[in-house]
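Chemist: Contents of input-v2.txt (compact mmCIF, N, CA and C atoms):
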# COMPACT_ATOMS: atom_id res chain seq x y z
N MET A 1 2.75 -1.11 18.31
CA MET A 1 1.65 -1.24 17.39
C MET A 1 0.55 -2.05 18.06
N THR A 2 -0.68 -1.60 17.90
CA THR A 2 -1.80 -2.31 18.48
C THR A 2 -2.16 -3.51 17.61
N ASN A 3 -2.92 -4.41 18.19
CA ASN A 3 -3.36 -5.57 17.43
C ASN A 3 -4.22 -5.15 16.24
N THR A 4 -5.03 -4.11 16.43
CA THR A 4 -5.89 -3.64 15.34
C THR A 4 -5.05 -3.12 14.18
N ALA A 5 -4.00 -2.35 14.49
CA ALA A 5 -3.13 -1.82 13.44
C ALA A 5 -2.40 -2.95 12.73
N ALA A 6 -1.93 -3.93 13.51
CA ALA A 6 -1.23 -5.06 12.91
C ALA A 6 -2.17 -5.85 12.00
N THR A 7 -3.41 -6.02 12.43
CA THR A 7 -4.39 -6.74 11.62
C THR A 7 -4.68 -5.97 10.33
N SER A 8 -4.81 -4.66 10.42
CA SER A 8 -5.06 -3.84 9.23
C SER A 8 -3.90 -3.94 8.26
N GLU A 9 -2.67 -3.88 8.78
CA GLU A 9 -1.50 -3.98 7.90
C GLU A 9 -1.43 -5.35 7.25
N ALA A 10 -1.72 -6.41 8.00
CA ALA A 10 -1.69 -7.76 7.45
C ALA A 10 -2.75 -7.91 6.36
N LYS A 11 -3.93 -7.31 6.58
CA LYS A 11 -4.99 -7.37 5.59
C LYS A 11 -4.55 -6.70 4.30
N LEU A 12 -3.93 -5.52 4.42
CA LEU A 12 -3.47 -4.80 3.24
C LEU A 12 -2.42 -5.61 2.49
N ALA A 13 -1.57 -6.29 3.22
CA ALA A 13 -0.49 -7.05 2.59
C ALA A 13 -1.01 -8.28 1.85
N THR A 14 -2.14 -8.82 2.31
CA THR A 14 -2.63 -10.04 1.68
C THR A 14 -3.70 -9.78 0.61
N GLU A 15 -4.25 -8.58 0.56
CA GLU A 15 -5.24 -8.27 -0.47
C GLU A 15 -4.54 -8.17 -1.82
N PRO A 16 -5.14 -8.76 -2.85
CA PRO A 16 -4.50 -8.67 -4.17
C PRO A 16 -4.53 -7.22 -4.65
N PRO A 17 -3.51 -6.82 -5.39
CA PRO A 17 -3.49 -5.44 -5.89
C PRO A 17 -4.58 -5.25 -6.94
N LYS A 18 -5.07 -4.04 -7.06
CA LYS A 18 -6.06 -3.76 -8.08
C LYS A 18 -5.33 -3.53 -9.39
N ILE A 19 -5.68 -4.33 -10.39
CA ILE A 19 -5.08 -4.21 -11.72
C ILE A 19 -6.14 -3.62 -12.64
N VAL A 20 -5.76 -2.60 -13.40
CA VAL A 20 -6.71 -1.95 -14.30
C VAL A 20 -6.25 -2.12 -15.74
N TRP A 21 -7.23 -2.16 -16.64
CA TRP A 21 -6.95 -2.26 -18.07
C TRP A 21 -6.83 -0.86 -18.64
N ASN A 22 -5.68 -0.54 -19.21
CA ASN A 22 -5.45 0.75 -19.86
C ASN A 22 -5.43 0.47 -21.36
N GLU A 23 -6.61 0.47 -21.96
CA GLU A 23 -6.73 0.10 -23.37
C GLU A 23 -5.94 1.05 -24.28
N GLY A 24 -5.92 2.34 -23.93
CA GLY A 24 -5.21 3.33 -24.74
C GLY A 24 -3.71 3.06 -24.83
N LYS A 25 -3.13 2.59 -23.73
CA LYS A 25 -1.69 2.29 -23.71
C LYS A 25 -1.42 0.81 -24.01
N GLN A 26 -2.48 0.06 -24.26
CA GLN A 26 -2.39 -1.39 -24.50
C GLN A 26 -1.59 -2.08 -23.40
N ARG A 27 -2.11 -1.94 -22.19
CA ARG A 27 -1.47 -2.61 -21.07
C ARG A 27 -2.43 -2.76 -19.90
N PHE A 28 -2.08 -3.69 -19.02
CA PHE A 28 -2.75 -3.85 -17.75
C PHE A 28 -1.76 -3.32 -16.73
N GLU A 29 -2.24 -2.56 -15.74
CA GLU A 29 -1.31 -1.90 -14.82
C GLU A 29 -1.89 -1.81 -13.43
N THR A 30 -1.00 -1.60 -12.47
CA THR A 30 -1.45 -1.36 -11.11
C THR A 30 -2.08 0.03 -11.06
N GLU A 31 -2.89 0.28 -10.05
CA GLU A 31 -3.57 1.58 -9.93
C GLU A 31 -2.60 2.75 -9.95
N ASP A 32 -1.40 2.55 -9.42
CA ASP A 32 -0.41 3.64 -9.38
C ASP A 32 0.37 3.74 -10.70
N HIS A 33 0.06 2.90 -11.67
CA HIS A 33 0.67 2.90 -13.01
C HIS A 33 2.15 2.52 -13.01
N GLU A 34 2.67 2.02 -11.90
CA GLU A 34 4.10 1.71 -11.81
C GLU A 34 4.47 0.34 -12.35
N ALA A 35 3.59 -0.63 -12.18
CA ALA A 35 3.85 -1.99 -12.67
C ALA A 35 2.85 -2.26 -13.78
N PHE A 36 3.31 -2.95 -14.84
CA PHE A 36 2.41 -3.17 -15.97
C PHE A 36 2.86 -4.34 -16.83
N ILE A 37 1.91 -4.82 -17.64
CA ILE A 37 2.21 -5.80 -18.67
C ILE A 37 1.66 -5.21 -19.97
N GLU A 38 2.53 -5.06 -20.96
CA GLU A 38 2.15 -4.47 -22.25
C GLU A 38 1.79 -5.57 -23.24
N TYR A 39 0.89 -5.23 -24.14
CA TYR A 39 0.50 -6.18 -25.19
C TYR A 39 0.32 -5.46 -26.51
N LYS A 40 0.33 -6.23 -27.57
CA LYS A 40 0.00 -5.78 -28.92
C LYS A 40 -1.08 -6.71 -29.43
N MET A 41 -2.11 -6.15 -30.03
CA MET A 41 -3.17 -6.98 -30.60
C MET A 41 -2.75 -7.40 -32.01
N ARG A 42 -3.00 -8.65 -32.35
CA ARG A 42 -2.64 -9.20 -33.65
C ARG A 42 -3.86 -9.92 -34.25
N ASN A 43 -3.74 -10.32 -35.50
CA ASN A 43 -4.80 -11.09 -36.19
C ASN A 43 -6.17 -10.43 -36.04
N ASN A 44 -6.24 -9.14 -36.36
CA ASN A 44 -7.51 -8.40 -36.30
C ASN A 44 -8.17 -8.47 -34.92
N GLY A 45 -7.35 -8.38 -33.88
CA GLY A 45 -7.88 -8.36 -32.52
C GLY A 45 -8.22 -9.71 -31.93
N LYS A 46 -7.84 -10.78 -32.59
CA LYS A 46 -8.16 -12.12 -32.10
C LYS A 46 -7.04 -12.70 -31.24
N VAL A 47 -5.86 -12.06 -31.27
CA VAL A 47 -4.69 -12.57 -30.54
C VAL A 47 -4.04 -11.42 -29.77
N MET A 48 -3.76 -11.66 -28.50
CA MET A 48 -3.07 -10.69 -27.65
C MET A 48 -1.63 -11.16 -27.45
N ASP A 49 -0.68 -10.38 -27.94
CA ASP A 49 0.73 -10.71 -27.80
C ASP A 49 1.26 -9.98 -26.57
N LEU A 50 1.55 -10.72 -25.50
CA LEU A 50 2.08 -10.12 -24.28
C LEU A 50 3.57 -9.91 -24.48
N VAL A 51 3.97 -8.66 -24.63
CA VAL A 51 5.33 -8.35 -25.06
C VAL A 51 6.29 -7.92 -23.96
N HIS A 52 5.78 -7.38 -22.85
CA HIS A 52 6.71 -6.88 -21.82
C HIS A 52 6.01 -6.75 -20.48
N THR A 53 6.67 -7.23 -19.44
CA THR A 53 6.18 -7.07 -18.07
C THR A 53 7.20 -6.25 -17.31
N TYR A 54 6.73 -5.25 -16.55
CA TYR A 54 7.64 -4.41 -15.77
C TYR A 54 7.10 -4.22 -14.36
N VAL A 55 7.96 -4.46 -13.38
CA VAL A 55 7.66 -4.18 -11.98
C VAL A 55 8.88 -3.43 -11.44
N PRO A 56 8.67 -2.24 -10.85
CA PRO A 56 9.82 -1.49 -10.32
C PRO A 56 10.52 -2.27 -9.21
N SER A 57 11.80 -2.06 -9.07
CA SER A 57 12.58 -2.82 -8.09
C SER A 57 12.02 -2.69 -6.68
N SER A 58 11.43 -1.55 -6.36
CA SER A 58 10.87 -1.35 -5.02
C SER A 58 9.66 -2.22 -4.74
N LYS A 59 9.07 -2.80 -5.79
CA LYS A 59 7.86 -3.61 -5.62
C LYS A 59 8.05 -5.05 -6.06
N ARG A 60 9.27 -5.45 -6.34
CA ARG A 60 9.51 -6.83 -6.77
C ARG A 60 9.39 -7.78 -5.58
N GLY A 61 9.03 -9.00 -5.87
CA GLY A 61 8.88 -10.01 -4.82
C GLY A 61 7.51 -10.02 -4.18
N LEU A 62 6.59 -9.19 -4.66
CA LEU A 62 5.24 -9.13 -4.09
C LEU A 62 4.22 -9.89 -4.93
N GLY A 63 4.67 -10.48 -6.02
CA GLY A 63 3.76 -11.22 -6.88
C GLY A 63 3.00 -10.36 -7.88
N LEU A 64 3.44 -9.11 -8.06
CA LEU A 64 2.72 -8.22 -8.97
C LEU A 64 2.74 -8.71 -10.40
N ALA A 65 3.87 -9.23 -10.86
CA ALA A 65 3.96 -9.71 -12.25
C ALA A 65 2.94 -10.81 -12.49
N SER A 66 2.79 -11.69 -11.54
CA SER A 66 1.80 -12.77 -11.67
C SER A 66 0.38 -12.21 -11.71
N HIS A 67 0.08 -11.24 -10.85
CA HIS A 67 -1.25 -10.62 -10.85
C HIS A 67 -1.53 -9.93 -12.18
N LEU A 68 -0.52 -9.29 -12.75
CA LEU A 68 -0.67 -8.64 -14.05
C LEU A 68 -0.98 -9.68 -15.13
N CYS A 69 -0.26 -10.79 -15.10
CA CYS A 69 -0.51 -11.87 -16.07
C CYS A 69 -1.92 -12.43 -15.93
N VAL A 70 -2.35 -12.66 -14.70
CA VAL A 70 -3.69 -13.19 -14.48
C VAL A 70 -4.73 -12.24 -15.06
N ALA A 71 -4.55 -10.93 -14.84
CA ALA A 71 -5.50 -9.95 -15.39
C ALA A 71 -5.55 -10.04 -16.91
N ALA A 72 -4.37 -10.14 -17.54
CA ALA A 72 -4.31 -10.23 -19.00
C ALA A 72 -4.96 -11.52 -19.50
N PHE A 73 -4.66 -12.64 -18.86
CA PHE A 73 -5.23 -13.92 -19.28
C PHE A 73 -6.74 -13.97 -19.01
N GLU A 74 -7.21 -13.39 -17.91
CA GLU A 74 -8.65 -13.35 -17.64
C GLU A 74 -9.36 -12.52 -18.71
N HIS A 75 -8.75 -11.40 -19.07
CA HIS A 75 -9.32 -10.54 -20.11
C HIS A 75 -9.39 -11.32 -21.44
N ALA A 76 -8.29 -11.97 -21.78
CA ALA A 76 -8.26 -12.75 -23.02
C ALA A 76 -9.33 -13.84 -23.00
N SER A 77 -9.44 -14.52 -21.90
CA SER A 77 -10.42 -15.60 -21.77
C SER A 77 -11.84 -15.08 -21.93
N SER A 78 -12.16 -13.98 -21.27
CA SER A 78 -13.53 -13.45 -21.32
C SER A 78 -13.88 -12.83 -22.67
N HIS A 79 -12.87 -12.54 -23.49
CA HIS A 79 -13.11 -11.95 -24.80
C HIS A 79 -12.78 -12.92 -25.95
N SER A 80 -12.60 -14.20 -25.62
CA SER A 80 -12.28 -15.24 -26.62
C SER A 80 -11.07 -14.87 -27.47
N ILE A 81 -10.03 -14.40 -26.79
CA ILE A 81 -8.78 -14.00 -27.44
C ILE A 81 -7.71 -15.01 -27.04
N SER A 82 -6.87 -15.41 -27.98
CA SER A 82 -5.75 -16.26 -27.62
C SER A 82 -4.54 -15.37 -27.30
N VAL A 83 -3.53 -15.96 -26.69
CA VAL A 83 -2.38 -15.21 -26.17
C VAL A 83 -1.08 -15.73 -26.76
N ILE A 84 -0.21 -14.79 -27.15
CA ILE A 84 1.16 -15.13 -27.52
C ILE A 84 2.05 -14.65 -26.37
N PRO A 85 2.75 -15.56 -25.71
CA PRO A 85 3.58 -15.17 -24.57
C PRO A 85 4.99 -14.74 -24.99
N SER A 86 5.12 -13.62 -25.71
CA SER A 86 6.43 -13.16 -26.17
C SER A 86 7.33 -12.73 -25.01
N CYS A 87 6.75 -12.17 -23.97
CA CYS A 87 7.52 -11.75 -22.80
C CYS A 87 8.11 -12.97 -22.11
N SER A 88 9.39 -12.92 -21.81
CA SER A 88 10.06 -14.08 -21.19
C SER A 88 9.48 -14.42 -19.82
N TYR A 89 9.04 -13.42 -19.06
CA TYR A 89 8.44 -13.73 -17.76
C TYR A 89 7.19 -14.58 -17.96
N VAL A 90 6.36 -14.21 -18.92
CA VAL A 90 5.12 -14.95 -19.17
C VAL A 90 5.42 -16.38 -19.62
N SER A 91 6.33 -16.53 -20.60
CA SER A 91 6.59 -17.86 -21.15
C SER A 91 7.44 -18.74 -20.26
N GLU A 92 8.40 -18.16 -19.54
CA GLU A 92 9.35 -18.98 -18.77
C GLU A 92 9.03 -19.09 -17.29
N THR A 93 8.22 -18.19 -16.77
CA THR A 93 7.92 -18.23 -15.33
C THR A 93 6.42 -18.41 -15.07
N PHE A 94 5.61 -17.50 -15.60
CA PHE A 94 4.18 -17.54 -15.29
C PHE A 94 3.50 -18.81 -15.79
N LEU A 95 3.65 -19.12 -17.07
CA LEU A 95 2.95 -20.30 -17.61
C LEU A 95 3.41 -21.62 -16.99
N PRO A 96 4.71 -21.84 -16.78
CA PRO A 96 5.10 -23.09 -16.11
C PRO A 96 4.53 -23.20 -14.69
N ARG A 97 4.37 -22.07 -14.00
CA ARG A 97 3.81 -22.08 -12.64
C ARG A 97 2.28 -22.14 -12.65
N ASN A 98 1.68 -21.77 -13.78
CA ASN A 98 0.22 -21.70 -13.88
C ASN A 98 -0.26 -22.38 -15.16
N PRO A 99 -0.06 -23.69 -15.25
CA PRO A 99 -0.38 -24.41 -16.49
C PRO A 99 -1.85 -24.36 -16.89
N SER A 100 -2.73 -24.01 -15.99
CA SER A 100 -4.15 -23.96 -16.34
C SER A 100 -4.45 -22.88 -17.38
N TRP A 101 -3.54 -21.92 -17.56
CA TRP A 101 -3.73 -20.87 -18.57
C TRP A 101 -3.20 -21.29 -19.94
N LYS A 102 -2.49 -22.38 -20.04
CA LYS A 102 -1.89 -22.79 -21.32
C LYS A 102 -2.90 -22.99 -22.46
N PRO A 103 -4.13 -23.42 -22.19
CA PRO A 103 -5.08 -23.56 -23.31
C PRO A 103 -5.34 -22.24 -24.07
N LEU A 104 -5.06 -21.10 -23.44
CA LEU A 104 -5.27 -19.81 -24.12
C LEU A 104 -4.10 -19.43 -25.03
N VAL A 105 -2.98 -20.15 -24.92
CA VAL A 105 -1.83 -19.83 -25.75
C VAL A 105 -2.17 -20.11 -27.21
N HIS A 106 -1.87 -19.13 -28.05
CA HIS A 106 -2.16 -19.22 -29.48
C HIS A 106 -1.60 -20.52 -30.06
N SER A 107 -2.39 -21.23 -30.82
CA SER A 107 -2.03 -22.56 -31.30
C SER A 107 -0.74 -22.58 -32.11
N GLU A 108 -0.47 -21.55 -32.89
CA GLU A 108 0.77 -21.53 -33.68
C GLU A 108 2.00 -21.47 -32.78
N VAL A 109 1.89 -20.76 -31.67
CA VAL A 109 3.00 -20.67 -30.71
C VAL A 109 3.23 -22.03 -30.08
N PHE A 110 2.11 -22.67 -29.67
CA PHE A 110 2.21 -23.97 -29.01
C PHE A 110 2.84 -25.01 -29.93
N LYS A 111 2.42 -25.02 -31.18
CA LYS A 111 2.97 -26.00 -32.14
C LYS A 111 4.46 -25.79 -32.35
N SER A 112 4.90 -24.53 -32.40
CA SER A 112 6.30 -24.27 -32.66
C SER A 112 7.18 -24.54 -31.46
N SER A 113 6.58 -24.65 -30.27
CA SER A 113 7.40 -24.89 -29.08
C SER A 113 7.51 -26.37 -28.74
N ILE A 114 6.89 -27.23 -29.54
CA ILE A 114 6.94 -28.68 -29.27
C ILE A 114 8.26 -29.25 -29.78
Render the structure in this file as structure tokens.

Modeler:
Amino acid sequence: MTNTAATSEAKLATEPPKIVWNEGKQRFETEDHEAFIEYKMRNNGKVMDLVHTYVPSSKRGLGLASHLCVAAFEHASSHSISVIPSCSYVSETFLPRNPSWKPLVHSEVFKSSI
């Protein structure tokens, strides 16, 4: 392998995956539609309940679940929506590793977890 090819491969490996919002399916997903985080809107669209995260076994360990969560939380933040972290990955892994997103957690959820 040439240095140019190795550099191109390294660049591809370090670039964040493109996450797209699929409003019709109520999820954020990778461009290939294989990895996703599903949500349900609650309280007349004021609260996003993150209910399920899925990454196929062939793509695990690449940080895709975290990228999916970031996309969902960025969307919630830019639309003044609070988040319910029903998915265990979001509540038990993503939020403890990324506490800066905790202010977006729906206040009723936060109160009940104290």

Chemist: Please give the complete set of residues from chain A that DSSP, run on the backbone, assigns to strand (DSSP E), formatted as a PyMOL selection string.

Modeler: chain A and resi 19-22+27-30+36-42+47-54+82-84

Chemist: One decimal, in Å: what's the spacing between CA of Ile81 in chain A and CA of Asp32 in chain A?

Modeler: 26.6 Å

Chemist: How many Å separate atom C of Ser57 in chain A from CA of Glu15 in chain A?

Modeler: 19.2 Å

Chemist: Would you work out the distance separating atom C of Lys40 in chain A from CA of Gln26 in chain A, expressed in Å to one decimal?

Modeler: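 So the two atoms, atom C of Lys40 in chain A and CA of Gln26 in chain A, lie 7.4 Å apart.
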
Chemist: From the set A:Asn44, A:Ser66, A:Phe36, A:Ser58, which residue has the shortest atom-to-atom contact distance to Phe94 in chain A, counting all atoms listed in the file?

Modeler: A:Ser66

Chemist: Between A:Met48, A:Gly61, A:Cys87, A:Leu68, which one has atoms that come closest to His33 in chain A, using only C-alpha atoms?

Modeler: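 Ranked by minimum distance to His33 in chain A, first place goes to A:Leu68.
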
Chemist: Which residue, A:Pro103, A:Met41, A:Phe28, A:Val55, has the smallest gap to Cys69 in chain A when you use only C-alpha atoms?

Modeler: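 For Cys69 in chain A, the nearest of the candidates is A:Phe28.
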
Chemist: Using all atoms listed in the file, which of A:Pro17, A:Glu34, A:Gly24, A:Ser78 sits nearest Gly63 in chain A?

Modeler: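 So, comparing all the options, the nearest one is A:Pro17.
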
Chemist: Check the smallest atom-to-atom distance from each of A:Pro16, A:Ala35, A:Trp21, A:Ser80 to Val47 in chain A using all atoms listed in the file, then report the winner.

Modeler: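 Ranked by minimum distance to Val47 in chain A, first place goes to A:Ser80.
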
Chemist: Of the candidates A:Tyr89, A:Ser82, A:Ala76, A:Arg60, which shows the shortest atom-to-atom distance to Ile37 in chain A, using only C-alpha atoms?

Modeler: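 Comparing A:Tyr89, A:Ser82, A:Ala76, A:Arg60 against Ile37 in chain A, the winner is A:Tyr89.
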
Chemist: Identify all residues of chain A in alpha helix (DSSP H) (DSSP on the backbone) and supply them as number ranges by chain.

Modeler: A: 3-14, 64-78, 88-89, 95-97, 107-112

Chemist: Write out as a list in words which residues come within 8 Å of Glu38 in chain A when counting all atoms listed in the file, dropping same-chain ones fewer than 6 positions away.

Modeler: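 So the residues in contact are Lys25, Gln26, Arg27, Phe28, Glu29, Met48, Asp49, Leu50, Val51, His52, Thr53 and Tyr54 of chain A.
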
Chemist: Okay, now the selection with N, CA and C atoms, as a PDB file, keeping the file's coordinate frame?

Modeler:
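File written: result_32.pdb
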ATOM      1  N   LYS A  25      -3.130   2.590 -23.730  1.00  0.00           N
ATOM      2  CA  LYS A  25      -1.690   2.290 -23.710  1.00  0.00           C
ATOM      3  C   LYS A  25      -1.420   0.810 -24.010  1.00  0.00           C
ATOM      4  N   GLN A  26      -2.480   0.060 -24.260  1.00  0.00           N
ATOM      5  CA  GLN A  26      -2.390  -1.390 -24.500  1.00  0.00           C
ATOM      6  C   GLN A  26      -1.590  -2.080 -23.400  1.00  0.00           C
ATOM      7  N   ARG A  27      -2.110  -1.940 -22.190  1.00  0.00           N
ATOM      8  CA  ARG A  27      -1.470  -2.610 -21.070  1.00  0.00           C
ATOM      9  C   ARG A  27      -2.430  -2.760 -19.900  1.00  0.00           C
ATOM     10  N   PHE A  28      -2.080  -3.690 -19.020  1.00  0.00           N
ATOM     11  CA  PHE A  28      -2.750  -3.850 -17.750  1.00  0.00           C
ATOM     12  C   PHE A  28      -1.760  -3.320 -16.730  1.00  0.00           C
ATOM     13  N   GLU A  29      -2.240  -2.560 -15.740  1.00  0.00           N
ATOM     14  CA  GLU A  29      -1.310  -1.900 -14.820  1.00  0.00           C
ATOM     15  C   GLU A  29      -1.890  -1.810 -13.430  1.00  0.00           C
ATOM     16  N   MET A  48      -3.760 -11.660 -28.500  1.00  0.00           N
ATOM     17  CA  MET A  48      -3.070 -10.690 -27.650  1.00  0.00           C
ATOM     18  C   MET A  48      -1.630 -11.160 -27.450  1.00  0.00           C
ATOM     19  N   ASP A  49      -0.680 -10.380 -27.940  1.00  0.00           N
ATOM     20  CA  ASP A  49       0.730 -10.710 -27.800  1.00  0.00           C
ATOM     21  C   ASP A  49       1.260  -9.980 -26.570  1.00  0.00           C
ATOM     22  N   LEU A  50       1.550 -10.720 -25.500  1.00  0.00           N
ATOM     23  CA  LEU A  50       2.080 -10.120 -24.280  1.00  0.00           C
ATOM     24  C   LEU A  50       3.570  -9.910 -24.480  1.00  0.00           C
ATOM     25  N   VAL A  51       3.970  -8.660 -24.630  1.00  0.00           N
ATOM     26  CA  VAL A  51       5.330  -8.350 -25.060  1.00  0.00           C
ATOM     27  C   VAL A  51       6.290  -7.920 -23.960  1.00  0.00           C
ATOM     28  N   HIS A  52       5.780  -7.380 -22.850  1.00  0.00           N
ATOM     29  CA  HIS A  52       6.710  -6.880 -21.820  1.00  0.00           C
ATOM     30  C   HIS A  52       6.010  -6.750 -20.480  1.00  0.00           C
ATOM     31  N   THR A  53       6.670  -7.230 -19.440  1.00  0.00           N
ATOM     32  CA  THR A  53       6.180  -7.070 -18.070  1.00  0.00           C
ATOM     33  C   THR A  53       7.200  -6.250 -17.310  1.00  0.00           C
ATOM     34  N   TYR A  54       6.730  -5.250 -16.550  1.00  0.00           N
ATOM     35  CA  TYR A  54       7.640  -4.410 -15.770  1.00  0.00           C
ATOM     36  C   TYR A  54       7.100  -4.220 -14.360  1.00  0.00           C
TER      37      TYR A  54
END
